[in-house]
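Data block below; observations after.
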Amino acid sequence: MTKHTDGRFVDDAPFDADAALQQLERADLDAPNWVLVWRKFKTHKLGLISGVFLLFCYLMLPFAGFIAPYGPNERNGEHLYAPPQSINWFHDGSFIGPYVYPIVAEADLETFQWKFVADTEDPRAIRFFCEGAEYRLAGLVKSDTHLFCAPEGATLFLWGSDRLGRDVFSRILYGAQLSLTVGLIGISVSFTLGIFFGSIAGYFGGKIDWVINRVIEVLRSLPELPLWLALSAAVPSNWSPVAVFFIISIILGILDWPGLARSVRAKFLSLREEEYVRAAEMMGASSGRVIRKHLLPNFMSHLIASATLSIPAMILGETALSFLGLGLRAPAVSWGVMLNDAQNLASIEIYPWTAIPMLPIIVIVLAFNFLGDGLRDSLDPYQQ
């Protein structure tokens, strides 16, 4: 070690690249697991962007009523199948802020259809933090304040209106509350049953394993869609939308657990012979403690990745049932219920904006799949 002219001490020993590389590798091995997972996950750009997008979507759910300019079932009888309206900022070369042009329905004598004509000489400014339809903030607090509303004497259909004059944009926001939540409830039921029965079958084996395996095989041999239809049709039609929502969520979860249970069982069959499991048993640990503290943590990475890949299947299941009229029903609002109103292909050809609810479904399912791929790669941080 020598002293430099500016007072610093400089090591005279030559730089050892191998030693420095070993030190970095040792630091990686000593780092907490979550640090390694996050470091690997950041390199998966699609997974990271999808995770941020999904987080934003779920954080927005409690405030859907505040963001939506209309109520979920608020009708405008004079604007049936109104086309999407654009938000403008400049009028006659002057900046006047966000505004829309009022639209008026006129009969087209050639096609015998109603068409909407905008009055481009009468710009109407959009109102912000205004009073509108009543809603419950986060399902608890009553409020009628909206982020933005239609101008006085005009409409604000950002994505058009449906056959009853209801705003498609507002209904998509309200529908997200049910369509995105059904996946979380369903996956909770599925994982509870799958982990419970799979861990029992894999850890204890014997007759218990045989019985659970036969039940799994029977459930997996049943055709999925007809079984969904049969169980959904058994729900009484006079039940409230909330009750139907929870029943549909539970049905989706019950039908999804056999696949996870089989994966958990296979993993437990290999892990239960490990030395640390035998050591815990010899020290007097109960079966429940061995499963909770020693076996499940070694399988948690697979469970997390499976959850993110199973949620979109739940969302698609609810959408399919509601689309067929056997899931959620009006006045409940979900993306499947909205698509149920767009079954007529002739109407979609004339009014294509009625099929817009398909877009959030596609985007959300793709985001979950990208997030699941990223987590699956990242939860094994030592894999190159």
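Residue numbers start at 1 in each chain; chains themselves are named A, B, ... in the order of the structure tokens; ligands are numbered from 1 in the order shown.
Using only C-alpha atoms, the contacts of Leu184 of chain A at a cut-off of 10 Å, with sequence neighbours closer than 5 positions omitted, comprise Ser179, Val189, Ser190, Ser249, Gly253, Ala307, Thr308, Ser310, Ile311, Pro312, Met314 and Ile315 of chain A.
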Create the file for the chosen residues now, containing N, CA and C atoms and written as a PDB file, in the first residue's frame.
ATOM      1  N   SER A 179     -65.208  -8.704 -13.391  1.00  0.00           N
ATOM      2  CA  SER A 179     -64.440  -9.626 -14.237  1.00  0.00           C
ATOM      3  C   SER A 179     -63.030  -9.858 -13.705  1.00  0.00           C
ATOM      4  N   VAL A 189     -60.031 -20.179  -4.057  1.00  0.00           N
ATOM      5  CA  VAL A 189     -60.702 -21.455  -3.811  1.00  0.00           C
ATOM      6  C   VAL A 189     -59.902 -22.607  -4.414  1.00  0.00           C
ATOM      7  N   SER A 190     -59.453 -22.419  -5.649  1.00  0.00           N
ATOM      8  CA  SER A 190     -58.709 -23.481  -6.340  1.00  0.00           C
ATOM      9  C   SER A 190     -57.417 -23.824  -5.606  1.00  0.00           C
ATOM     10  N   SER A 249     -67.787 -17.697  -9.016  1.00  0.00           N
ATOM     11  CA  SER A 249     -66.377 -17.712  -8.624  1.00  0.00           C
ATOM     12  C   SER A 249     -66.010 -19.035  -7.954  1.00  0.00           C
ATOM     13  N   GLY A 253     -63.454 -22.060  -9.214  1.00  0.00           N
ATOM     14  CA  GLY A 253     -62.361 -22.532  -8.366  1.00  0.00           C
ATOM     15  C   GLY A 253     -62.426 -24.016  -8.098  1.00  0.00           C
ATOM     16  N   ALA A 307     -50.394 -19.477 -10.265  1.00  0.00           N
ATOM     17  CA  ALA A 307     -51.509 -18.579  -9.950  1.00  0.00           C
ATOM     18  C   ALA A 307     -51.684 -17.522 -11.037  1.00  0.00           C
ATOM     19  N   THR A 308     -50.583 -16.921 -11.471  1.00  0.00           N
ATOM     20  CA  THR A 308     -50.675 -15.870 -12.485  1.00  0.00           C
ATOM     21  C   THR A 308     -51.128 -16.426 -13.832  1.00  0.00           C
ATOM     22  N   SER A 310     -53.261 -19.065 -14.009  1.00  0.00           N
ATOM     23  CA  SER A 310     -54.609 -19.604 -13.828  1.00  0.00           C
ATOM     24  C   SER A 310     -55.665 -18.509 -13.756  1.00  0.00           C
ATOM     25  N   ILE A 311     -55.287 -17.323 -13.287  1.00  0.00           N
ATOM     26  CA  ILE A 311     -56.264 -16.234 -13.167  1.00  0.00           C
ATOM     27  C   ILE A 311     -56.908 -15.896 -14.508  1.00  0.00           C
ATOM     28  N   PRO A 312     -56.141 -15.764 -15.610  1.00  0.00           N
ATOM     29  CA  PRO A 312     -56.817 -15.474 -16.888  1.00  0.00           C
ATOM     30  C   PRO A 312     -57.780 -16.568 -17.318  1.00  0.00           C
ATOM     31  N   MET A 314     -59.690 -18.194 -15.271  1.00  0.00           N
ATOM     32  CA  MET A 314     -60.905 -17.884 -14.515  1.00  0.00           C
ATOM     33  C   MET A 314     -61.673 -16.742 -15.170  1.00  0.00           C
ATOM     34  N   ILE A 315     -60.954 -15.705 -15.597  1.00  0.00           N
ATOM     35  CA  ILE A 315     -61.612 -14.564 -16.244  1.00  0.00           C
ATOM     36  C   ILE A 315     -62.307 -15.007 -17.528  1.00  0.00           C
TER      37      ILE A 315
END
Give me the residues near Asp92 of chain A as a ChimeraX atom specification, where near means some atom within 12 Å (using only C-alpha atoms) and where sequence neighbours in that chain fewer than 4 positions away do not count.
/A:88,96,120-123
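All residues of protein, DNA or RNA that reach within 9 Å of Phe323 of chain A, judged by only C-alpha atoms and not counting those fewer than 2 positions away in the chain, are Glu318, Thr319, Ala320, Leu321, Gly325, Leu326, Gly327, Leu328, Trp335, Gly336, Val337, Met338, Leu339, Asn340, Asp341, Ala342 and Gln343 of chain A.
Among A:Gln113, A:Asn213, A:Ser170, A:Asn369, the residue with the shortest atom-to-atom distance to Tyr70 of chain A, counting only C-alpha atoms, is A:Ser170.
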Near Ile362 of chain A, counting only C-alpha atoms, which residues have an atom at most 10 Å away, once you skip same-chain residues fewer than 5 positions from it, shown as a compact mmCIF listing (two decimals) with C-alpha atoms, in the first residue's frame?
# COMPACT_ATOMS: atom_id res chain seq x y z
CA PRO A 312 -56.82 -15.47 -16.89
CA LEU A 316 -62.23 -16.32 -19.55
CA PRO A 357 -65.42 -5.18 -24.43
CA ALA A 367 -50.74 -9.33 -19.49
Which residues are close to Arg171 of chain A, i.e. within 12 Å by only C-alpha atoms, leaving aside same-chain residues fewer than 5 positions away? Reply as an NGL selection string.
:A and (64-65 or 67-75 or 157-162 or 165-166 or 176-179 or 330-339 or 354 or 356-357 or 360)
Keeping N, CA and C atoms for every residue in the selection just given, could you write it to a file as a compact mmCIF listing (two decimals), in the first residue's frame?
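Full text of again14.txt as output:
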# COMPACT_ATOMS: atom_id res chain seq x y z
N ALA A 64 -63.48 2.98 -9.86
CA ALA A 64 -64.11 2.92 -11.18
C ALA A 64 -65.28 3.88 -11.29
N GLY A 65 -66.09 3.96 -10.24
CA GLY A 65 -67.24 4.88 -10.27
C GLY A 65 -66.82 6.33 -10.35
N ILE A 67 -64.04 7.45 -11.85
CA ILE A 67 -63.45 7.70 -13.18
C ILE A 67 -64.53 7.69 -14.26
N ALA A 68 -65.53 6.81 -14.13
CA ALA A 68 -66.56 6.68 -15.16
C ALA A 68 -67.46 7.92 -15.18
N PRO A 69 -67.75 8.49 -16.34
CA PRO A 69 -68.61 9.68 -16.41
C PRO A 69 -70.09 9.37 -16.19
N TYR A 70 -70.49 8.12 -16.40
CA TYR A 70 -71.90 7.73 -16.25
C TYR A 70 -72.00 6.57 -15.28
N GLY A 71 -73.23 6.26 -14.86
CA GLY A 71 -73.49 5.08 -14.06
C GLY A 71 -73.49 3.84 -14.93
N PRO A 72 -73.39 2.65 -14.33
CA PRO A 72 -73.29 1.42 -15.14
C PRO A 72 -74.53 1.13 -15.96
N ASN A 73 -75.71 1.53 -15.47
CA ASN A 73 -76.97 1.26 -16.18
C ASN A 73 -77.72 2.54 -16.51
N GLU A 74 -77.00 3.65 -16.54
CA GLU A 74 -77.62 4.94 -16.87
C GLU A 74 -77.91 4.99 -18.38
N ARG A 75 -79.16 5.26 -18.73
CA ARG A 75 -79.59 5.20 -20.12
C ARG A 75 -79.82 6.60 -20.69
N PHE A 157 -69.72 10.08 -24.97
CA PHE A 157 -69.57 8.64 -25.19
C PHE A 157 -68.20 8.41 -25.81
N LEU A 158 -67.19 8.17 -24.97
CA LEU A 158 -65.83 8.01 -25.48
C LEU A 158 -65.71 6.79 -26.38
N TRP A 159 -66.41 5.70 -26.01
CA TRP A 159 -66.38 4.47 -26.81
C TRP A 159 -67.77 4.12 -27.32
N GLY A 160 -68.61 5.11 -27.50
CA GLY A 160 -69.94 4.90 -28.02
C GLY A 160 -70.93 4.43 -26.96
N SER A 161 -72.16 4.21 -27.40
CA SER A 161 -73.21 3.71 -26.51
C SER A 161 -73.78 2.42 -27.09
N ASP A 162 -74.49 1.65 -26.25
CA ASP A 162 -75.04 0.37 -26.69
C ASP A 162 -76.50 0.52 -27.11
N GLY A 165 -78.56 2.87 -25.04
CA GLY A 165 -78.03 4.21 -24.80
C GLY A 165 -77.12 4.31 -23.59
N ARG A 166 -76.53 3.20 -23.17
CA ARG A 166 -75.62 3.21 -22.02
C ARG A 166 -74.18 3.38 -22.51
N ALA A 176 -65.05 -4.22 -15.05
CA ALA A 176 -63.75 -4.69 -14.60
C ALA A 176 -63.77 -5.08 -13.12
N GLN A 177 -64.63 -4.43 -12.33
CA GLN A 177 -64.70 -4.76 -10.91
C GLN A 177 -65.10 -6.21 -10.69
N LEU A 178 -66.01 -6.72 -11.51
CA LEU A 178 -66.44 -8.11 -11.37
C LEU A 178 -65.53 -9.06 -12.15
N SER A 179 -65.21 -8.70 -13.39
CA SER A 179 -64.44 -9.63 -14.24
C SER A 179 -63.03 -9.86 -13.70
N ALA A 330 -77.82 -9.36 -16.00
CA ALA A 330 -78.21 -7.98 -15.74
C ALA A 330 -79.13 -7.95 -14.51
N PRO A 331 -79.04 -6.91 -13.67
CA PRO A 331 -78.31 -5.66 -13.88
C PRO A 331 -76.82 -5.69 -13.51
N ALA A 332 -76.28 -6.85 -13.17
CA ALA A 332 -74.83 -6.92 -12.94
C ALA A 332 -74.10 -6.57 -14.23
N VAL A 333 -72.93 -5.96 -14.08
CA VAL A 333 -72.15 -5.53 -15.24
C VAL A 333 -70.80 -6.21 -15.19
N SER A 334 -70.51 -7.02 -16.19
CA SER A 334 -69.19 -7.61 -16.37
C SER A 334 -68.90 -7.61 -17.86
N TRP A 335 -67.66 -7.92 -18.22
CA TRP A 335 -67.31 -7.92 -19.64
C TRP A 335 -68.07 -9.02 -20.38
N GLY A 336 -68.33 -10.14 -19.73
CA GLY A 336 -69.10 -11.19 -20.36
C GLY A 336 -70.55 -10.78 -20.59
N VAL A 337 -71.14 -10.09 -19.61
CA VAL A 337 -72.51 -9.60 -19.77
C VAL A 337 -72.59 -8.61 -20.92
N MET A 338 -71.58 -7.75 -21.06
CA MET A 338 -71.57 -6.78 -22.15
C MET A 338 -71.44 -7.48 -23.49
N LEU A 339 -70.63 -8.52 -23.57
CA LEU A 339 -70.50 -9.25 -24.83
C LEU A 339 -71.77 -10.03 -25.15
N THR A 354 -69.71 -1.87 -30.28
CA THR A 354 -70.33 -2.73 -29.27
C THR A 354 -69.47 -3.94 -28.94
N ILE A 356 -66.23 -3.63 -28.39
CA ILE A 356 -65.05 -3.11 -27.69
C ILE A 356 -64.75 -3.88 -26.40
N PRO A 357 -65.74 -4.40 -25.65
CA PRO A 357 -65.42 -5.18 -24.43
C PRO A 357 -64.50 -6.37 -24.67
N PRO A 360 -60.41 -5.26 -23.66
CA PRO A 360 -59.82 -5.42 -22.32
C PRO A 360 -59.60 -6.87 -21.92
